[in-house]
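Dropping structure_26.cif in here (mmCIF, C-alpha atoms):
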data_coords
#
loop_
_atom_site.label_atom_id
_atom_site.label_comp_id
_atom_site.auth_asym_id
_atom_site.auth_seq_id
_atom_site.Cartn_x
_atom_site.Cartn_y
_atom_site.Cartn_z
CA MET A 9 -0.40 -17.96 23.59
CA LYS A 10 2.21 -15.36 22.78
CA LYS A 11 4.47 -18.00 21.23
CA THR A 12 1.55 -19.28 19.15
CA ILE A 13 0.84 -15.80 17.81
CA ILE A 14 4.50 -15.23 16.98
CA PHE A 15 4.57 -18.61 15.19
CA ILE A 16 1.44 -17.69 13.17
CA LEU A 17 3.00 -14.31 12.34
CA PHE A 18 6.17 -16.08 11.14
CA MET A 19 4.18 -18.54 9.01
CA VAL A 20 2.21 -15.70 7.40
CA LEU A 21 5.46 -13.89 6.65
CA ILE A 22 7.11 -16.87 4.94
CA SER A 23 4.00 -18.22 3.19
CA GLY A 24 4.18 -15.58 0.45
CA CYS A 25 7.81 -16.37 -0.24
CA ALA A 26 7.52 -20.16 -0.10
CA GLU A 27 4.95 -20.61 -2.88
CA LYS A 28 6.50 -21.99 -6.04
CA VAL A 29 5.50 -20.11 -9.17
CA LYS A 30 6.16 -20.90 -12.81
CA ARG A 31 5.75 -17.96 -15.16
CA TYR A 32 4.45 -18.29 -18.72
CA GLY A 33 4.66 -15.75 -21.55
CA SER A 34 3.04 -16.43 -24.93
CA VAL A 35 2.00 -14.70 -28.15
CA ILE A 36 -0.74 -14.96 -30.79
CA GLY A 37 -2.08 -12.79 -33.62
CA VAL A 38 -5.51 -11.19 -33.52
CA LYS A 39 -7.67 -10.36 -36.55
CA LYS A 40 -8.15 -6.64 -37.21
CA ASP A 41 -11.87 -7.05 -37.83
CA MET A 42 -12.25 -9.02 -34.58
CA LEU A 43 -10.31 -6.60 -32.36
CA ALA A 44 -13.38 -4.89 -30.93
CA LYS A 45 -15.06 -8.20 -30.16
CA TYR A 46 -11.92 -9.64 -28.53
CA LYS A 47 -11.42 -6.54 -26.38
CA ASP A 48 -15.07 -6.40 -25.35
CA LEU A 49 -15.10 -10.09 -24.40
CA HIS A 50 -12.02 -9.62 -22.22
CA ALA A 51 -13.18 -6.37 -20.66
CA ASN A 52 -16.20 -8.36 -19.45
CA ALA A 53 -14.80 -11.87 -19.11
CA TRP A 54 -17.35 -14.47 -18.01
CA PRO A 55 -17.13 -15.16 -14.25
CA ALA A 56 -17.29 -18.93 -14.88
CA VAL A 57 -14.23 -18.68 -17.15
CA ASN A 58 -12.25 -16.64 -14.62
CA LYS A 59 -13.25 -19.14 -11.94
CA GLN A 60 -12.01 -22.09 -14.02
CA ILE A 61 -8.70 -20.31 -14.73
CA LYS A 62 -8.13 -19.91 -10.98
CA LYS A 63 -9.23 -23.50 -10.36
CA SER A 64 -6.52 -24.48 -12.84
CA ASN A 65 -3.97 -22.75 -10.59
CA ILE A 66 -3.36 -19.74 -12.82
CA ARG A 67 -2.88 -16.36 -11.14
CA ASN A 68 -1.94 -12.81 -12.07
CA TYR A 69 -2.94 -13.31 -15.69
CA SER A 70 -2.61 -10.34 -18.07
CA ILE A 71 -3.14 -10.05 -21.83
CA TYR A 72 -1.63 -7.14 -23.79
CA LEU A 73 -2.44 -5.93 -27.27
CA THR A 74 -0.22 -4.05 -29.70
CA GLN A 75 0.04 -3.23 -33.39
CA PHE A 76 3.24 -4.06 -35.27
CA PRO A 77 4.77 -1.77 -37.92
CA ASP A 78 3.33 -4.01 -40.68
CA GLY A 79 -0.18 -3.15 -39.44
CA ASN A 80 -0.91 -6.54 -37.87
CA TYR A 81 -2.06 -6.89 -34.27
CA TYR A 82 -0.67 -9.27 -31.67
CA LEU A 83 -1.65 -10.37 -28.17
CA PHE A 84 0.88 -11.17 -25.45
CA SER A 85 -0.07 -13.04 -22.35
CA TYR A 86 1.67 -13.38 -18.99
CA PHE A 87 0.51 -15.57 -16.13
CA GLU A 88 1.78 -17.37 -13.08
CA TYR A 89 1.11 -21.06 -12.51
CA VAL A 90 1.04 -22.20 -8.88
CA GLY A 91 -0.03 -25.85 -9.25
CA ASP A 92 1.92 -29.11 -9.48
CA ASP A 93 0.80 -30.48 -12.84
CA PHE A 94 0.34 -27.89 -15.58
CA ASP A 95 -0.70 -30.36 -18.30
CA ALA A 96 -3.33 -31.98 -16.07
CA ASP A 97 -4.70 -28.56 -15.03
CA MET A 98 -4.88 -27.43 -18.66
CA ALA A 99 -6.63 -30.70 -19.61
CA LYS A 100 -9.24 -30.06 -16.90
CA MET A 101 -9.73 -26.53 -18.19
CA ALA A 102 -10.30 -27.86 -21.71
CA GLU A 103 -13.07 -30.12 -20.36
CA ASP A 104 -14.98 -27.26 -18.70
CA PRO A 105 -18.15 -26.56 -20.74
CA MET A 106 -18.16 -22.78 -20.13
CA THR A 107 -14.47 -22.49 -21.03
CA ARG A 108 -15.18 -24.39 -24.27
CA LYS A 109 -18.03 -21.98 -25.05
CA TRP A 110 -15.67 -19.06 -24.31
CA TRP A 111 -13.05 -20.47 -26.69
CA GLU A 112 -15.74 -20.79 -29.37
CA GLU A 113 -15.97 -16.99 -29.08
CA THR A 114 -12.27 -16.16 -28.76
CA ASP A 115 -10.57 -18.73 -31.05
CA PRO A 116 -12.05 -17.28 -34.28
CA CYS A 117 -10.63 -13.86 -33.27
CA GLN A 118 -7.07 -15.17 -33.18
CA ILE A 119 -4.37 -16.09 -35.69
CA PRO A 120 -1.84 -18.52 -34.19
CA LEU A 121 1.75 -17.94 -35.33
CA SER A 122 2.53 -20.35 -38.14
CA ASN A 123 5.94 -21.20 -36.63
CA ARG A 124 4.55 -22.32 -33.26
CA PRO A 125 5.49 -25.80 -32.03
CA LYS A 126 2.97 -28.61 -32.65
CA GLY A 127 0.28 -28.76 -29.98
CA GLU A 128 0.42 -25.03 -29.15
CA PHE A 129 -2.22 -22.43 -30.01
CA TRP A 130 -0.66 -19.42 -28.27
CA LYS A 131 3.09 -19.68 -29.01
CA ASN A 132 5.05 -20.17 -25.81
CA MET A 133 8.00 -17.78 -25.38
CA GLU A 134 11.39 -18.26 -23.75
CA GLU A 135 12.07 -16.41 -20.48
CA VAL A 136 15.46 -14.70 -20.78
CA TYR A 137 15.34 -12.50 -17.67
CA HIS A 138 13.54 -12.42 -14.36
CA LEU A 139 13.79 -10.13 -11.36
CA GLU A 140 11.87 -11.49 -8.41
CA LYS A 141 8.91 -9.97 -6.61
CA GLU A 142 10.54 -9.04 -3.32
CA MET B 28 1.61 -6.87 24.34
CA LYS B 29 -0.84 -9.45 23.00
CA LYS B 30 -2.94 -6.71 21.38
CA THR B 31 0.18 -5.23 19.81
CA ILE B 32 1.13 -8.57 18.28
CA ILE B 33 -2.39 -9.11 16.93
CA PHE B 34 -2.29 -5.61 15.45
CA ILE B 35 1.06 -6.33 13.77
CA LEU B 36 -0.31 -9.64 12.46
CA PHE B 37 -3.33 -7.82 11.04
CA MET B 38 -1.15 -5.18 9.38
CA VAL B 39 1.07 -7.85 7.80
CA LEU B 40 -2.04 -9.63 6.49
CA ILE B 41 -3.51 -6.55 4.87
CA SER B 42 -0.23 -5.06 3.63
CA GLY B 43 0.03 -7.57 0.77
CA CYS B 44 -3.51 -6.79 -0.37
CA ALA B 45 -3.33 -3.03 0.04
CA GLU B 46 -0.26 -2.45 -2.15
CA LYS B 47 -1.21 -0.72 -5.37
CA VAL B 48 0.42 -2.20 -8.45
CA LYS B 49 0.48 -0.94 -12.01
CA ARG B 50 1.40 -3.53 -14.61
CA TYR B 51 3.40 -2.75 -17.75
CA GLY B 52 3.79 -4.87 -20.89
CA SER B 53 6.04 -3.78 -23.74
CA VAL B 54 7.73 -5.07 -26.89
CA ILE B 55 10.93 -4.49 -28.86
CA GLY B 56 12.84 -6.26 -31.63
CA VAL B 57 16.21 -7.92 -31.06
CA LYS B 58 18.94 -8.37 -33.66
CA LYS B 59 19.59 -11.95 -34.73
CA ASP B 60 23.36 -11.53 -34.54
CA MET B 61 23.06 -10.02 -31.03
CA LEU B 62 20.74 -12.68 -29.60
CA ALA B 63 23.48 -14.62 -27.84
CA LYS B 64 24.93 -11.46 -26.30
CA TYR B 65 21.51 -10.22 -25.14
CA LYS B 66 20.64 -13.57 -23.58
CA ASP B 67 23.99 -13.89 -21.88
CA LEU B 68 23.79 -10.37 -20.45
CA HIS B 69 20.34 -11.09 -19.01
CA ALA B 70 21.21 -14.54 -17.69
CA ASN B 71 23.88 -12.77 -15.66
CA ALA B 72 22.42 -9.31 -15.13
CA TRP B 73 24.66 -6.94 -13.20
CA PRO B 74 23.69 -6.76 -9.50
CA ALA B 75 23.92 -2.95 -9.57
CA VAL B 76 21.39 -2.84 -12.40
CA ASN B 77 18.95 -5.18 -10.63
CA LYS B 78 19.37 -3.08 -7.49
CA GLN B 79 18.53 0.13 -9.35
CA ILE B 80 15.44 -1.48 -10.94
CA LYS B 81 14.13 -2.40 -7.48
CA LYS B 82 15.05 1.06 -6.17
CA SER B 83 12.88 2.43 -8.98
CA ASN B 84 9.93 0.45 -7.55
CA ILE B 85 9.84 -2.22 -10.24
CA ARG B 86 9.08 -5.80 -9.18
CA ASN B 87 8.39 -9.17 -10.77
CA TYR B 88 10.09 -8.20 -14.01
CA SER B 89 10.28 -10.80 -16.78
CA ILE B 90 11.55 -10.59 -20.36
CA TYR B 91 10.51 -13.19 -22.95
CA LEU B 92 12.02 -13.93 -26.34
CA THR B 93 10.36 -15.43 -29.40
CA GLN B 94 10.85 -15.73 -33.15
CA PHE B 95 8.09 -14.62 -35.49
CA PRO B 96 7.14 -16.51 -38.68
CA ASP B 97 9.09 -13.93 -40.76
CA GLY B 98 12.28 -14.99 -38.98
CA ASN B 99 12.63 -11.85 -36.85
CA TYR B 100 13.03 -12.01 -33.08
CA TYR B 101 11.11 -10.00 -30.49
CA LEU B 102 11.37 -9.39 -26.76
CA PHE B 103 8.34 -8.94 -24.53
CA SER B 104 8.61 -7.52 -21.07
CA TYR B 105 6.22 -7.62 -18.12
CA PHE B 106 6.77 -5.86 -14.82
CA GLU B 107 4.88 -4.46 -11.86
CA TYR B 108 5.38 -0.89 -10.67
CA VAL B 109 4.70 -0.26 -6.98
CA GLY B 110 5.77 3.40 -6.62
CA ASP B 111 3.85 6.67 -6.77
CA ASP B 112 5.62 8.47 -9.62
CA PHE B 113 6.64 6.28 -12.55
CA ASP B 114 8.18 9.08 -14.65
CA ALA B 115 10.28 10.33 -11.73
CA ASP B 116 11.47 6.80 -10.91
CA MET B 117 12.39 6.17 -14.55
CA ALA B 118 14.24 9.50 -14.69
CA LYS B 119 16.26 8.47 -11.62
CA MET B 120 17.05 5.14 -13.24
CA ALA B 121 18.30 6.93 -16.36
CA GLU B 122 20.71 8.93 -14.19
CA ASP B 123 22.29 5.85 -12.60
CA PRO B 124 25.82 5.39 -14.03
CA MET B 125 25.76 1.57 -13.96
CA THR B 126 22.33 1.45 -15.60
CA ARG B 127 23.66 3.76 -18.34
CA LYS B 128 26.62 1.43 -18.86
CA TRP B 129 24.20 -1.52 -19.01
CA TRP B 130 22.08 0.24 -21.64
CA GLU B 131 25.26 0.88 -23.67
CA GLU B 132 25.49 -2.92 -23.86
CA THR B 133 21.80 -3.73 -24.40
CA ASP B 134 20.56 -0.86 -26.62
CA PRO B 135 22.67 -1.88 -29.66
CA CYS B 136 21.14 -5.39 -29.43
CA GLN B 137 17.62 -4.04 -29.89
CA ILE B 138 15.46 -2.74 -32.76
CA PRO B 139 12.65 -0.51 -31.48
CA LEU B 140 9.35 -0.89 -33.38
CA SER B 141 9.12 1.90 -35.94
CA ASN B 142 5.48 2.60 -35.06
CA ARG B 143 6.15 3.20 -31.34
CA PRO B 144 4.95 6.51 -29.87
CA LYS B 145 7.48 9.33 -29.58
CA GLY B 146 9.58 9.08 -26.42
CA GLU B 147 9.33 5.29 -26.15
CA PHE B 148 12.12 2.78 -26.80
CA TRP B 149 10.31 -0.40 -25.84
CA LYS B 150 6.76 0.02 -27.28
CA ASN B 151 4.20 0.08 -24.50
CA MET B 152 1.25 -2.31 -25.02
CA GLU B 153 -2.40 -2.00 -24.02
CA GLU B 154 -3.69 -4.26 -21.25
CA VAL B 155 -6.93 -5.88 -22.47
CA TYR B 156 -7.41 -8.47 -19.72
CA HIS B 157 -6.30 -9.03 -16.15
CA LEU B 158 -7.12 -11.70 -13.63
CA GLU B 159 -5.87 -10.78 -10.17
CA LYS B 160 -3.31 -12.60 -8.06
CA GLU B 161 -5.56 -13.97 -5.34
#

Go through the file and emit its structure as structure tokens.
Amino acid sequence: MKKTIIFILFMVLISGCAEKVKRYGSVIGVKKDMLAKYKDLHANAWPAVNKQIKKSNIRNYSIYLTQFPDGNYYLFSYFEYVGDDFDADMAKMAEDPMTRKWWEETDPCQIPLSNRPKGEFWKNMEEVYHLEKE
Amino acid sequence: MKKTIIFILFMVLISGCAEKVKRYGSVIGVKKDMLAKYKDLHANAWPAVNKQIKKSNIRNYSIYLTQFPDGNYYLFSYFEYVGDDFDADMAKMAEDPMTRKWWEETDPCQIPLSNRPKGEFWKNMEEVYHLEKE
């Protein structure tokens, strides 16, 4: 019994460290006249949308807003992907009816960067530094 | 003994959930002709600098790079602060000799946003959305 408990304790300890995580950072513009709507939507994100994001193996997802010196506003997102097939998980997300309804609200608020690679909406950024969690 | 082990197991289980975390996102420009130097420095960050960052209660720290449509480059940082006094921890970091030497290398690579609040170097961004880790 004691050995079993110690084994469980050990497994709990290493489980947090063993999980593979891929981090994503991306950027997009946001329209000045849609700022209030975008912020309000995200302050009260639909539970079905949050649920689908988690189902698609995304965790610890943050979006930041800032104004640039030229007066334009940009959004920066950071999230951690814990699944095995990012493209497949994103494809499933894009099929979810509530997520599609959500995007019908959020997409018109945004201005994708004109120099983003083909196939991207948010422009994916390059990670140049990472200091781990522990 | 058994009760003690179960108690320890319980404490380990809740410790991960109980930790308070404050997330920070910020942005700064980077000079085109210093890009290679900045990337190289961060691909091989000095161990003493990483150590001081952790000592200052910063975890899970990532920096992303991207080019904007106007040709300029920007860096976006995300990190999690797990201490009790952010200003005090940052002040201690600013006193660390190796961190100061590191900043002597990195500061000249960067172009702070002209519309940043007084006292900031990296411009702090506003969190508008967060989906938790679990």

Could you state which residues are captured by the PyMOL selection byres ((chain A) within 7 of (chain B)) in this file, as a count of residues only?
28

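The space separating atom CA of Val38 of chain A from atom CA of Asp97 of chain A comes to 25.4 Å.
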
Length of the atom CA of Val48 of chain B to atom CA of Phe113 of chain B vector [Å]:
11.3 Å

So how many Å separate atom CA of Ile36 of chain A and atom CA of Val57 of chain A, to one decimal?
19.5 Å

8 Å contact set for segment 121-131 of chain B, only C-alpha atoms, chain neighbours under 3 positions out, as a list in words
Trp73, Ala75, Val76, Gln79, Met117, Ala118, Asp134 and Pro135 of chain B

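The shortest atom-to-atom distance to Leu43 of chain A, with only C-alpha atoms taken into account, belongs to A:Tyr81 out of A:Asp93, A:Glu113, A:Lys126, A:Tyr81.
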